[in-house]
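Have a look at protein-v2.csv; it's CSV, C-alpha atoms:
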```
chain,number,residue,atom,x,y,z
A,1,MET,CA,0.0,0.0,0.0
A,2,ASN,CA,1.3,3.5,-0.8
A,3,ILE,CA,1.9,5.3,2.4
A,4,LEU,CA,1.2,8.6,0.6
A,5,ARG,CA,-2.4,7.6,-0.1
A,6,PRO,CA,-3.8,8.9,3.2
A,7,LEU,CA,-2.1,12.2,2.4
A,8,GLU,CA,-4.0,12.4,-0.9
A,9,TYR,CA,-7.3,11.9,0.9
A,10,LEU,CA,-6.3,14.6,3.5
A,11,LEU,CA,-5.3,17.1,0.8
A,12,ALA,CA,-8.4,16.4,-1.3
A,13,GLY,CA,-10.7,16.7,1.7
A,14,THR,CA,-9.0,19.9,2.8
A,15,ILE,CA,-9.5,21.5,-0.7
A,16,LEU,CA,-13.1,20.4,-0.8
A,17,PHE,CA,-13.6,22.0,2.5
A,18,LEU,CA,-12.1,25.3,1.2
A,19,VAL,CA,-14.2,25.3,-1.9
A,20,SER,CA,-17.4,24.8,0.2
A,21,GLN,CA,-16.8,28.4,1.0
A,22,GLY,CA,-17.9,27.7,4.6
A,23,LEU,CA,-16.6,29.5,7.7
A,24,LEU,CA,-13.9,31.6,6.1
A,25,GLY,CA,-16.3,33.6,3.9
A,26,PRO,CA,-18.8,34.6,6.7
A,27,LEU,CA,-15.9,35.4,9.1
A,28,LEU,CA,-13.8,37.5,6.7
A,29,ALA,CA,-16.0,38.7,3.8
A,30,ASP,CA,-19.3,40.3,3.0
A,31,PRO,CA,-22.2,38.6,1.2
A,32,ALA,CA,-22.2,41.4,-1.4
A,33,ASP,CA,-18.5,40.8,-2.1
A,34,PRO,CA,-17.7,37.2,-1.5
A,35,GLU,CA,-14.1,37.6,-2.6
A,36,GLY,CA,-13.7,40.2,0.1
A,37,PRO,CA,-10.2,41.0,1.4
A,38,ALA,CA,-7.2,40.2,-0.7
A,39,LEU,CA,-6.4,37.4,1.7
A,40,LEU,CA,-9.3,35.4,0.4
A,41,ARG,CA,-8.0,35.7,-3.1
A,42,VAL,CA,-4.3,35.0,-2.3
A,43,MET,CA,-5.1,31.9,-0.3
A,44,TRP,CA,-6.2,30.1,-3.5
A,45,LEU,CA,-2.8,30.4,-5.1
A,46,PRO,CA,-1.2,27.5,-3.2
A,47,VAL,CA,-4.3,25.4,-3.9
A,48,TYR,CA,-3.9,26.1,-7.6
A,49,GLY,CA,-0.2,25.3,-7.5
A,50,LEU,CA,-0.9,22.0,-5.7
A,51,THR,CA,-3.6,21.1,-8.2
A,52,LEU,CA,-1.2,21.6,-11.1
A,53,ALA,CA,1.6,19.6,-9.4
A,54,TRP,CA,-0.8,16.9,-8.5
A,55,LEU,CA,-2.0,16.5,-12.1
A,56,LEU,CA,1.6,16.2,-13.3
A,57,ILE,CA,2.2,13.2,-11.1
A,58,THR,CA,0.4,11.1,-13.6
A,59,PRO,CA,0.3,13.3,-16.7
A,60,MET,CA,-1.0,10.7,-19.2
A,61,ARG,CA,-3.9,9.7,-16.9
A,62,SER,CA,-4.7,13.4,-16.4
A,63,ILE,CA,-4.7,14.1,-20.1
A,64,ASP,CA,-6.9,11.1,-20.8
A,65,VAL,CA,-9.5,12.3,-18.2
A,66,MET,CA,-9.5,15.8,-19.7
A,67,MET,CA,-9.9,14.5,-23.3
A,68,ARG,CA,-13.1,12.6,-22.2
A,69,THR,CA,-14.8,15.8,-21.0
A,70,PRO,CA,-14.4,18.2,-24.0
A,71,LEU,CA,-17.6,20.1,-23.2
A,72,ILE,CA,-16.5,21.0,-19.7
A,73,LEU,CA,-13.0,22.1,-21.0
A,74,ILE,CA,-14.6,24.2,-23.7
A,75,LEU,CA,-17.0,25.9,-21.2
A,76,SER,CA,-14.1,26.7,-18.9
A,77,ALA,CA,-11.9,27.9,-21.7
A,78,LEU,CA,-14.7,30.1,-23.1
A,79,CYS,CA,-15.2,31.7,-19.6
A,80,LEU,CA,-11.5,32.6,-19.5
A,81,ALA,CA,-11.4,33.8,-23.1
A,82,SER,CA,-14.5,36.0,-22.5
A,83,PHE,CA,-12.1,38.7,-21.1
A,84,LEU,CA,-11.7,39.6,-24.8
A,85,TRP,CA,-15.2,41.1,-24.9
A,86,SER,CA,-15.9,41.5,-21.2
A,87,TRP,CA,-17.0,45.0,-20.0
A,88,ASP,CA,-14.5,44.5,-17.1
A,89,ALA,CA,-11.6,42.5,-18.6
A,90,GLY,CA,-9.5,42.5,-15.4
A,91,VAL,CA,-12.3,40.9,-13.3
A,92,THR,CA,-13.0,38.3,-16.0
A,93,GLN,CA,-9.4,37.3,-16.4
A,94,ARG,CA,-9.0,36.8,-12.6
A,95,ARG,CA,-12.3,35.0,-12.2
A,96,GLY,CA,-12.0,33.0,-15.4
A,97,PHE,CA,-8.6,31.7,-14.3
A,98,ALA,CA,-10.1,30.7,-11.0
A,99,LEU,CA,-12.8,28.8,-12.8
A,100,VAL,CA,-10.3,26.9,-14.9
A,101,MET,CA,-8.3,25.9,-11.8
A,102,THR,CA,-11.5,24.8,-10.1
A,103,THR,CA,-12.4,22.7,-13.1
A,104,LEU,CA,-8.9,21.1,-13.1
A,105,PHE,CA,-9.3,20.2,-9.5
A,106,GLY,CA,-12.5,18.4,-10.3
A,107,LEU,CA,-10.8,16.5,-13.1
A,108,LEU,CA,-7.9,15.7,-10.7
A,109,LEU,CA,-10.4,14.0,-8.3
A,110,ALA,CA,-11.8,12.0,-11.2
A,111,SER,CA,-8.3,10.8,-12.2
A,112,ARG,CA,-7.0,10.0,-8.7
A,113,PHE,CA,-10.0,8.3,-7.0
A,114,ASN,CA,-12.5,5.6,-8.2
A,115,TRP,CA,-16.2,5.6,-7.3
A,116,ARG,CA,-15.7,3.6,-4.1
A,117,GLU,CA,-13.2,6.1,-2.9
A,118,ILE,CA,-14.5,9.4,-4.1
A,119,ILE,CA,-18.1,9.0,-2.9
A,120,PRO,CA,-17.2,8.3,0.7
A,121,LEU,CA,-14.7,11.2,0.4
A,122,PHE,CA,-17.5,13.5,-0.6
A,123,ALA,CA,-19.7,12.2,2.3
A,124,ALA,CA,-17.0,12.7,4.9
A,125,VAL,CA,-16.4,16.3,3.8
A,126,PHE,CA,-20.1,17.1,4.0
A,127,GLY,CA,-20.2,15.4,7.4
A,128,VAL,CA,-17.5,17.7,8.7
A,129,LEU,CA,-19.4,20.7,7.3
A,130,ALA,CA,-22.6,19.5,8.9
A,131,VAL,CA,-21.0,19.1,12.4
A,132,MET,CA,-19.3,22.5,12.1
A,133,SER,CA,-22.6,24.1,11.1
A,134,ALA,CA,-24.5,22.5,14.0
A,135,LEU,CA,-21.8,23.7,16.4
A,136,MET,CA,-21.9,27.2,14.9
A,137,ALA,CA,-25.7,27.4,15.2
A,138,LEU,CA,-25.8,26.1,18.8
A,139,GLY,CA,-22.6,27.6,20.1
A,140,TYR,CA,-22.4,30.9,18.2
A,141,PRO,CA,-26.0,31.7,17.0
A,142,THR,CA,-25.0,35.3,16.2
A,143,LEU,CA,-23.3,33.9,13.1
A,144,GLY,CA,-25.0,30.5,12.8
A,145,VAL,CA,-28.6,31.5,12.9
A,146,HIS,CA,-30.6,34.1,11.0
A,147,HIS,CA,-31.8,37.1,13.0
A,148,ASP,CA,-33.2,39.3,10.3
A,149,ILE,CA,-35.7,38.2,7.6
A,150,HIS,CA,-35.6,34.5,8.4
A,151,VAL,CA,-35.5,34.6,12.2
A,152,GLY,CA,-34.5,31.3,13.7
A,153,ALA,CA,-33.5,29.6,10.5
A,154,TRP,CA,-30.1,27.9,10.7
A,155,ARG,CA,-27.4,29.0,8.2
A,156,GLY,CA,-24.5,27.2,9.9
A,157,ILE,CA,-21.1,28.2,8.5
A,158,TRP,CA,-22.5,29.9,5.4
A,159,TRP,CA,-24.1,33.3,4.7
A,160,GLU,CA,-27.7,32.1,4.4
A,161,LYS,CA,-30.0,29.2,5.1
A,162,ASN,CA,-30.5,28.2,1.4
A,163,THR,CA,-26.8,27.4,1.1
A,164,LEU,CA,-26.8,25.3,4.3
A,165,GLY,CA,-29.9,23.5,3.1
A,166,ALA,CA,-28.5,22.7,-0.4
A,167,MET,CA,-25.2,21.5,1.1
A,168,MET,CA,-26.9,19.2,3.5
A,169,ALA,CA,-29.1,17.8,0.8
A,170,PHE,CA,-26.0,17.0,-1.3
A,171,GLY,CA,-24.4,15.5,1.8
A,172,THR,CA,-27.4,13.3,2.5
A,173,MET,CA,-27.2,11.9,-1.0
A,174,ALA,CA,-23.4,11.4,-0.7
A,175,SER,CA,-23.8,9.6,2.7
A,176,LEU,CA,-26.5,7.2,1.4
A,177,ALA,CA,-24.4,6.4,-1.7
A,178,ALA,CA,-21.3,5.9,0.6
A,179,ALA,CA,-23.3,3.2,2.4
A,180,VAL,CA,-23.6,1.3,-0.9
A,181,CYS,CA,-19.8,1.8,-1.5
A,182,GLN,CA,-18.9,0.6,2.0
A,183,PRO,CA,-21.7,-1.7,3.3
A,184,GLU,CA,-19.5,-2.7,6.3
A,185,ARG,CA,-19.9,0.9,7.5
A,186,ARG,CA,-23.4,1.5,6.4
A,187,TRP,CA,-24.7,2.3,9.9
A,188,ILE,CA,-22.2,5.1,10.2
A,189,TRP,CA,-23.2,6.5,6.8
A,190,TRP,CA,-26.9,6.1,7.5
A,191,GLY,CA,-26.6,7.9,10.8
A,192,LEU,CA,-24.7,10.7,9.1
A,193,ALA,CA,-27.3,10.9,6.3
A,194,ALA,CA,-30.1,11.2,9.0
A,195,PHE,CA,-28.1,14.0,10.7
A,196,MET,CA,-27.7,16.0,7.5
A,197,ALA,CA,-31.4,15.5,6.6
A,198,ALA,CA,-32.2,17.0,10.0
A,199,MET,CA,-30.0,19.9,9.1
A,200,VAL,CA,-32.0,20.5,6.0
A,201,LEU,CA,-35.1,20.8,8.2
A,202,MET,CA,-33.3,23.3,10.5
A,203,SER,CA,-32.4,25.5,7.5
A,204,THR,CA,-36.1,25.8,6.7
A,205,SER,CA,-35.2,26.0,3.0
A,206,ARG,CA,-38.1,24.8,1.0
A,207,THR,CA,-36.0,24.4,-2.1
A,208,ALA,CA,-33.5,22.2,-0.2
A,209,LEU,CA,-36.3,20.2,1.3
A,210,LEU,CA,-37.8,19.6,-2.1
A,211,ALA,CA,-34.4,18.6,-3.4
A,212,LEU,CA,-33.9,16.2,-0.5
A,213,MET,CA,-37.3,14.6,-1.2
A,214,LEU,CA,-36.4,14.3,-4.9
A,215,GLY,CA,-33.0,12.8,-4.1
A,216,LEU,CA,-34.4,10.2,-1.7
A,217,SER,CA,-37.0,9.3,-4.3
A,218,ILE,CA,-34.3,8.7,-6.9
A,219,LEU,CA,-32.2,6.6,-4.6
A,220,SER,CA,-35.2,4.5,-3.7
A,221,ALA,CA,-36.0,4.1,-7.4
A,222,VAL,CA,-32.4,3.0,-8.2
A,223,HIS,CA,-32.6,0.5,-5.3
A,224,LEU,CA,-35.9,-0.9,-6.5
A,225,CYS,CA,-34.8,-1.1,-10.1
A,226,ARG,CA,-32.0,-3.4,-9.1
A,227,ARG,CA,-34.4,-5.9,-7.5
A,228,GLY,CA,-35.5,-7.2,-10.8
A,229,PHE,CA,-36.1,-6.3,-14.4
A,230,GLY,CA,-39.9,-6.5,-14.4
A,231,PHE,CA,-40.2,-4.5,-11.2
A,232,SER,CA,-37.6,-1.9,-12.4
A,233,ALA,CA,-39.5,-1.4,-15.7
A,234,LEU,CA,-42.7,-0.7,-13.7
A,235,ILE,CA,-40.8,1.8,-11.5
A,236,LEU,CA,-39.3,3.6,-14.4
A,237,LEU,CA,-42.7,3.7,-16.2
A,238,GLY,CA,-44.4,5.0,-13.1
A,239,GLY,CA,-41.6,7.6,-12.5
A,240,GLY,CA,-41.9,8.8,-16.0
A,241,LEU,CA,-45.7,9.1,-15.7
A,242,VAL,CA,-45.4,11.0,-12.4
A,243,ALA,CA,-42.8,13.4,-13.9
A,244,PHE,CA,-45.1,14.0,-16.9
A,245,ILE,CA,-48.1,14.8,-14.8
A,246,ALA,CA,-46.1,17.1,-12.6
A,247,ALA,CA,-44.7,19.0,-15.6
A,248,LEU,CA,-48.2,19.3,-17.0
A,249,VAL,CA,-49.7,20.6,-13.8
A,250,LEU,CA,-46.8,23.1,-13.4
A,251,ALA,CA,-47.3,24.3,-17.0
A,252,ILE,CA,-51.1,24.7,-16.6
A,253,ALA,CA,-51.2,26.2,-13.0
A,254,PRO,CA,-47.8,27.3,-11.9
A,255,VAL,CA,-49.2,29.8,-9.3
A,256,ALA,CA,-51.3,27.1,-7.6
A,257,VAL,CA,-48.3,24.7,-7.5
A,258,LEU,CA,-46.0,27.4,-6.0
A,259,GLU,CA,-48.6,28.3,-3.4
A,260,ALA,CA,-49.1,24.7,-2.5
A,261,LEU,CA,-45.3,24.5,-1.9
A,262,GLY,CA,-45.6,27.6,0.3
A,263,ARG,CA,-43.8,29.9,-2.2
A,264,ASP,CA,-45.2,33.0,-3.7
A,265,ALA,CA,-45.8,33.1,-7.4
A,266,THR,CA,-42.7,35.2,-8.0
A,267,LEU,CA,-40.4,32.8,-6.1
A,268,THR,CA,-39.7,35.5,-3.5
A,269,GLY,CA,-39.1,38.2,-6.2
A,270,ARG,CA,-36.9,36.0,-8.4
A,271,THR,CA,-39.2,36.1,-11.4
A,272,ASP,CA,-39.2,39.9,-11.3
A,273,ILE,CA,-35.4,39.8,-11.5
A,274,TRP,CA,-35.5,37.2,-14.3
A,275,VAL,CA,-37.7,39.3,-16.5
A,276,VAL,CA,-35.3,42.2,-16.4
A,277,LEU,CA,-32.3,39.9,-16.8
A,278,ALA,CA,-33.9,38.3,-19.9
A,279,GLU,CA,-33.8,41.7,-21.5
A,280,GLN,CA,-30.1,42.0,-20.7
A,281,VAL,CA,-29.4,38.6,-22.2
A,282,ALA,CA,-31.3,39.6,-25.3
A,283,ALA,CA,-29.0,42.6,-25.7
A,284,ASN,CA,-25.9,40.4,-25.9
A,285,PRO,CA,-27.2,36.9,-26.7
A,286,TRP,CA,-24.1,35.4,-28.3
A,287,THR,CA,-21.3,36.7,-26.1
A,288,GLY,CA,-22.7,37.8,-22.7
A,289,TYR,CA,-20.9,40.4,-20.7
A,290,GLY,CA,-17.8,38.4,-19.7
A,291,TYR,CA,-17.5,35.7,-17.1
A,292,GLY,CA,-18.1,37.1,-13.6
A,293,ALA,CA,-18.3,40.7,-14.9
A,294,PHE,CA,-22.0,41.4,-15.1
A,295,TRP,CA,-22.4,42.1,-11.4
A,296,SER,CA,-19.1,43.9,-10.8
A,297,GLY,CA,-18.8,47.6,-10.6
A,298,GLU,CA,-21.3,50.2,-9.3
A,299,TYR,CA,-22.2,51.4,-12.7
A,300,GLY,CA,-21.9,48.3,-14.8
A,301,PRO,CA,-24.7,46.4,-16.6
A,302,ALA,CA,-26.2,45.4,-13.3
A,303,PHE,CA,-26.9,49.0,-12.5
A,304,TRP,CA,-30.0,49.0,-14.7
A,305,VAL,CA,-31.2,45.8,-13.2
A,306,ARG,CA,-30.9,47.2,-9.7
A,307,GLN,CA,-32.7,50.4,-10.8
A,308,ARG,CA,-35.6,48.4,-12.2
A,309,THR,CA,-36.0,46.1,-9.2
A,310,GLN,CA,-35.2,48.7,-6.6
A,311,TRP,CA,-32.8,46.5,-4.6
A,312,GLU,CA,-29.2,45.5,-4.7
A,313,VAL,CA,-29.5,42.3,-6.6
A,314,PRO,CA,-26.3,40.2,-6.1
A,315,THR,CA,-26.8,37.4,-8.5
A,316,ALA,CA,-29.3,36.1,-11.1
A,317,HIS,CA,-30.7,33.5,-8.6
A,318,ASN,CA,-30.7,31.2,-11.6
A,319,GLY,CA,-27.8,29.1,-12.8
A,320,TRP,CA,-28.8,29.2,-16.5
A,321,LEU,CA,-29.4,33.0,-16.6
A,322,GLU,CA,-26.0,33.5,-14.9
A,323,ILE,CA,-24.3,31.5,-17.6
A,324,ALA,CA,-26.1,33.5,-20.3
A,325,LEU,CA,-25.0,36.8,-18.7
A,326,SER,CA,-21.4,35.6,-18.6
A,327,ILE,CA,-20.8,33.8,-21.9
A,328,GLY,CA,-24.1,34.0,-23.8
A,329,ILE,CA,-26.6,31.5,-25.2
A,330,PRO,CA,-23.8,29.2,-26.6
A,331,GLY,CA,-22.6,28.7,-23.0
A,332,VAL,CA,-26.1,27.7,-21.9
A,333,ILE,CA,-26.3,25.2,-24.8
A,334,LEU,CA,-22.9,23.7,-23.9
A,335,MET,CA,-23.8,23.4,-20.2
A,336,ALA,CA,-27.1,21.7,-21.1
A,337,LEU,CA,-25.4,19.2,-23.4
A,338,SER,CA,-22.8,18.4,-20.8
A,339,LEU,CA,-25.5,17.9,-18.1
A,340,LEU,CA,-27.6,15.7,-20.5
A,341,ALA,CA,-24.6,13.6,-21.5
A,342,SER,CA,-23.8,13.0,-17.8
A,343,ILE,CA,-27.4,12.0,-17.0
A,344,LEU,CA,-27.5,9.5,-19.9
A,345,ARG,CA,-24.2,8.0,-18.8
A,346,ALA,CA,-25.5,7.7,-15.2
A,347,LEU,CA,-28.6,6.0,-16.5
A,348,SER,CA,-26.4,3.5,-18.4
A,349,ARG,CA,-24.9,2.5,-15.0
A,350,LEU,CA,-28.4,2.0,-13.5
A,351,PHE,CA,-28.0,-1.7,-12.8
A,352,ASN,CA,-24.3,-1.9,-11.9
A,353,GLY,CA,-21.9,-0.2,-9.5
A,354,PRO,CA,-22.5,2.3,-6.8
A,355,GLU,CA,-22.1,5.4,-9.0
A,356,ALA,CA,-25.8,5.5,-10.1
A,357,TYR,CA,-26.9,6.2,-6.6
A,358,TRP,CA,-24.7,9.3,-6.3
A,359,ALA,CA,-24.6,10.5,-9.9
A,360,LEU,CA,-28.4,10.4,-10.6
A,361,ALA,CA,-29.4,12.0,-7.3
A,362,PHE,CA,-26.7,14.6,-7.5
A,363,LEU,CA,-27.4,15.6,-11.1
A,364,ALA,CA,-31.1,15.8,-10.4
A,365,LEU,CA,-30.4,18.0,-7.3
A,366,ILE,CA,-28.2,20.5,-9.1
A,367,SER,CA,-30.7,20.7,-12.0
A,368,LEU,CA,-33.5,21.5,-9.5
A,369,ILE,CA,-31.5,24.0,-7.4
A,370,SER,CA,-30.2,25.7,-10.5
A,371,ILE,CA,-33.7,27.0,-11.2
A,372,SER,CA,-33.6,29.3,-8.1
A,373,GLU,CA,-29.8,29.6,-7.3
A,374,SER,CA,-26.7,30.5,-9.3
A,375,ASN,CA,-24.9,27.2,-8.8
A,376,LEU,CA,-23.4,26.4,-12.2
A,377,LEU,CA,-20.0,27.3,-13.5
A,378,GLN,CA,-19.0,28.9,-10.2
A,379,ARG,CA,-15.3,29.4,-9.4
A,380,ASN,CA,-13.9,28.0,-6.2
A,381,ALA,CA,-17.2,26.4,-5.5
A,382,ILE,CA,-17.8,22.8,-4.3
A,383,VAL,CA,-20.9,22.3,-6.5
A,384,TRP,CA,-18.9,22.9,-9.6
A,385,VAL,CA,-16.0,20.6,-8.4
A,386,LEU,CA,-18.5,17.8,-7.6
A,387,TYR,CA,-20.1,18.2,-11.0
A,388,VAL,CA,-16.8,18.1,-12.9
A,389,ALA,CA,-15.6,15.1,-10.9
A,390,THR,CA,-18.9,13.3,-11.3
A,391,ALA,CA,-19.2,14.0,-15.1
A,392,ALA,CA,-15.5,13.1,-15.7
A,393,ARG,CA,-15.8,9.9,-13.7
A,394,LEU,CA,-18.9,8.9,-15.6
A,395,ALA,CA,-17.1,9.5,-18.9
A,396,LEU,CA,-14.4,7.1,-18.0
A,397,PRO,CA,-14.7,3.4,-19.2
A,398,LEU,CA,-15.7,0.9,-16.5
A,399,ARG,CA,-12.2,-0.6,-16.6
A,400,TYR,CA,-10.9,2.5,-14.9
A,401,GLU,CA,-12.8,1.5,-11.8
A,402,ALA,CA,-10.4,-1.3,-11.1
A,403,VAL,CA,-7.3,0.9,-11.7
A,404,LYS,CA,-5.9,2.8,-8.8
A,405,GLU,CA,-2.9,5.0,-9.2
A,406,ARG,CA,-0.6,4.5,-6.3
```
Same coordinates, now as structure tokens:
Amino acid sequence: MNILRPLEYLLAGTILFLVSQGLLGPLLADPADPEGPALLRVMWLPVYGLTLAWLLITPMRSIDVMMRTPLILILSALCLASFLWSWDAGVTQRRGFALVMTTLFGLLLASRFNWREIIPLFAAVFGVLAVMSALMALGYPTLGVHHDIHVGAWRGIWWEKNTLGAMMAFGTMASLAAAVCQPERRWIWWGLAAFMAAMVLMSTSRTALLALMLGLSILSAVHLCRRGFGFSALILLGGGLVAFIAALVLAIAPVAVLEALGRDATLTGRTDIWVVLAEQVAANPWTGYGYGAFWSGEYGPAFWVRQRTQWEVPTAHNGWLEIALSIGIPGVILMALSLLASILRALSRLFNGPEAYWALAFLALISLISISESNLLQRNAIVWVLYVATAARLALPLRYEAVKER
């Protein structure tokens, strides 16, 4: 056994903790300016250097993984290249470079860990984040609990409750999938999953709760599908029918559905923002405004959005609109194709291996959450790292599952 292997786990876990943006952000930065002090930007440089050095340990394996994810590489390169037309080239260069390095770290994880290693790693990191969030809420409620518009809602080590809820929903899925990867430790993983599901409830985030229910449904469906072909066909057919009916009801009576879920028809003002942002996208449909540049500057393109909505809108609150604002409609198409390809690959693993449990649930969750949160193509962000690692791992042939670089 390679004695350096535990060090790899430790380093990967530490970087995943950093890209979760928990604790350090709320302590040192402001929600309106997440990059905050220069310290929060400089601290990423050693991480980027380590990522590049780590990739060079097995260069041919790293290149092979990269070549199997061309859409992700093109998306990242397009974001960096968008400084050529960005209204704030300096911001786009800096943030585009950060996105490229974040993408490379996700590819690194896919090249260094197989499914039975990487899923428990994800679960363990989310477990640490969950424990820290609970301790923050209980021991230091000034930071860990909302006291303004969402009084009593837990936000843990993040800025807001929705982030805590989303992270814990992802963590629940990772822990349940880890129980499949390590059945001898399933009681530990099940207990951790229950704890993180409780954290979703404490966040009071309805979107996260809906995501949790969706993820649990998918995990249950995968489990039932593997009990036999006839039964699995029935489950798949029933699931498709339920999805069709849900889509039909949402299309016919969206207001009634939102009210039934306890949400106002504007998704807490989000649709008002989306209407204005759609006009901004229409003004630059093919190029966008440059990666990470739309919201920068007091008198940039976002100025008119804030004037129209009469509040300091920080993001699009929609992952797809955020991409369109950054790199235009072509970027949205590339992201959609990448996501669709990953879902189809995950479905091809439906009856074999542990990856279907994690991949299908995770991809469904980010698709759902992307409707109301800007969670796609985000630099130094754990969701993008998890997406890249999952998509890249799915793109690798099954024979790679038995190969471990030591």
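Atom to atom, CA of Arg227 in chain A and CA of Phe351 in chain A stand 9.3 Å apart.
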Take the point (-14.3, 7.0, -6.2) as written in the file and pick out every residue within 9 Å of it, counting all atoms listed in the file; give the list as a PyMOL selection string.
-> chain A and resi 109-110+112-121+181+355+393+401
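Between CA of Ala178 in chain A and CA of Gly165 in chain A there is a distance of 19.7 Å.
Residues in contact with Ala89 in chain A at 10 Å, where only C-alpha atoms are counted and same-chain residues fewer than 3 positions away are skipped, are listed as Leu80, Ala81, Ser82, Phe83, Leu84, Trp85, Ser86, Thr92, Gln93, Arg94, Arg95, Tyr289, Gly290, Tyr291, Gly292 and Ala293 of chain A.
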Writing out the chosen residues with C-alpha atoms as a short mmCIF file (atom, residue, chain, number, x, y, z; two decimals), in the coordinates of the input:
```cif
data_model
loop_
_atom_site.label_atom_id
_atom_site.label_comp_id
_atom_site.auth_asym_id
_atom_site.auth_seq_id
_atom_site.Cartn_x
_atom_site.Cartn_y
_atom_site.Cartn_z
CA LEU A 80 -11.50 32.60 -19.50
CA ALA A 81 -11.40 33.80 -23.10
CA SER A 82 -14.50 36.00 -22.50
CA PHE A 83 -12.10 38.70 -21.10
CA LEU A 84 -11.70 39.60 -24.80
CA TRP A 85 -15.20 41.10 -24.90
CA SER A 86 -15.90 41.50 -21.20
CA THR A 92 -13.00 38.30 -16.00
CA GLN A 93 -9.40 37.30 -16.40
CA ARG A 94 -9.00 36.80 -12.60
CA ARG A 95 -12.30 35.00 -12.20
CA TYR A 289 -20.90 40.40 -20.70
CA GLY A 290 -17.80 38.40 -19.70
CA TYR A 291 -17.50 35.70 -17.10
CA GLY A 292 -18.10 37.10 -13.60
CA ALA A 293 -18.30 40.70 -14.90
#
```
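Proximity ranking of A:Leu321, A:Ala381, A:Ala302, A:Val332 relative to Ala278 in chain A places A:Leu321 first, based on only C-alpha atoms.
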Which one of A:Val47, A:Leu18, A:Ala179, A:Arg155 sits closest to Pro141 in chain A if you count all atoms listed in the file?
-> A:Arg155
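CA of Trp87 in chain A to CA of Trp304 in chain A spans 14.6 Å [interatomic distance, one decimal].
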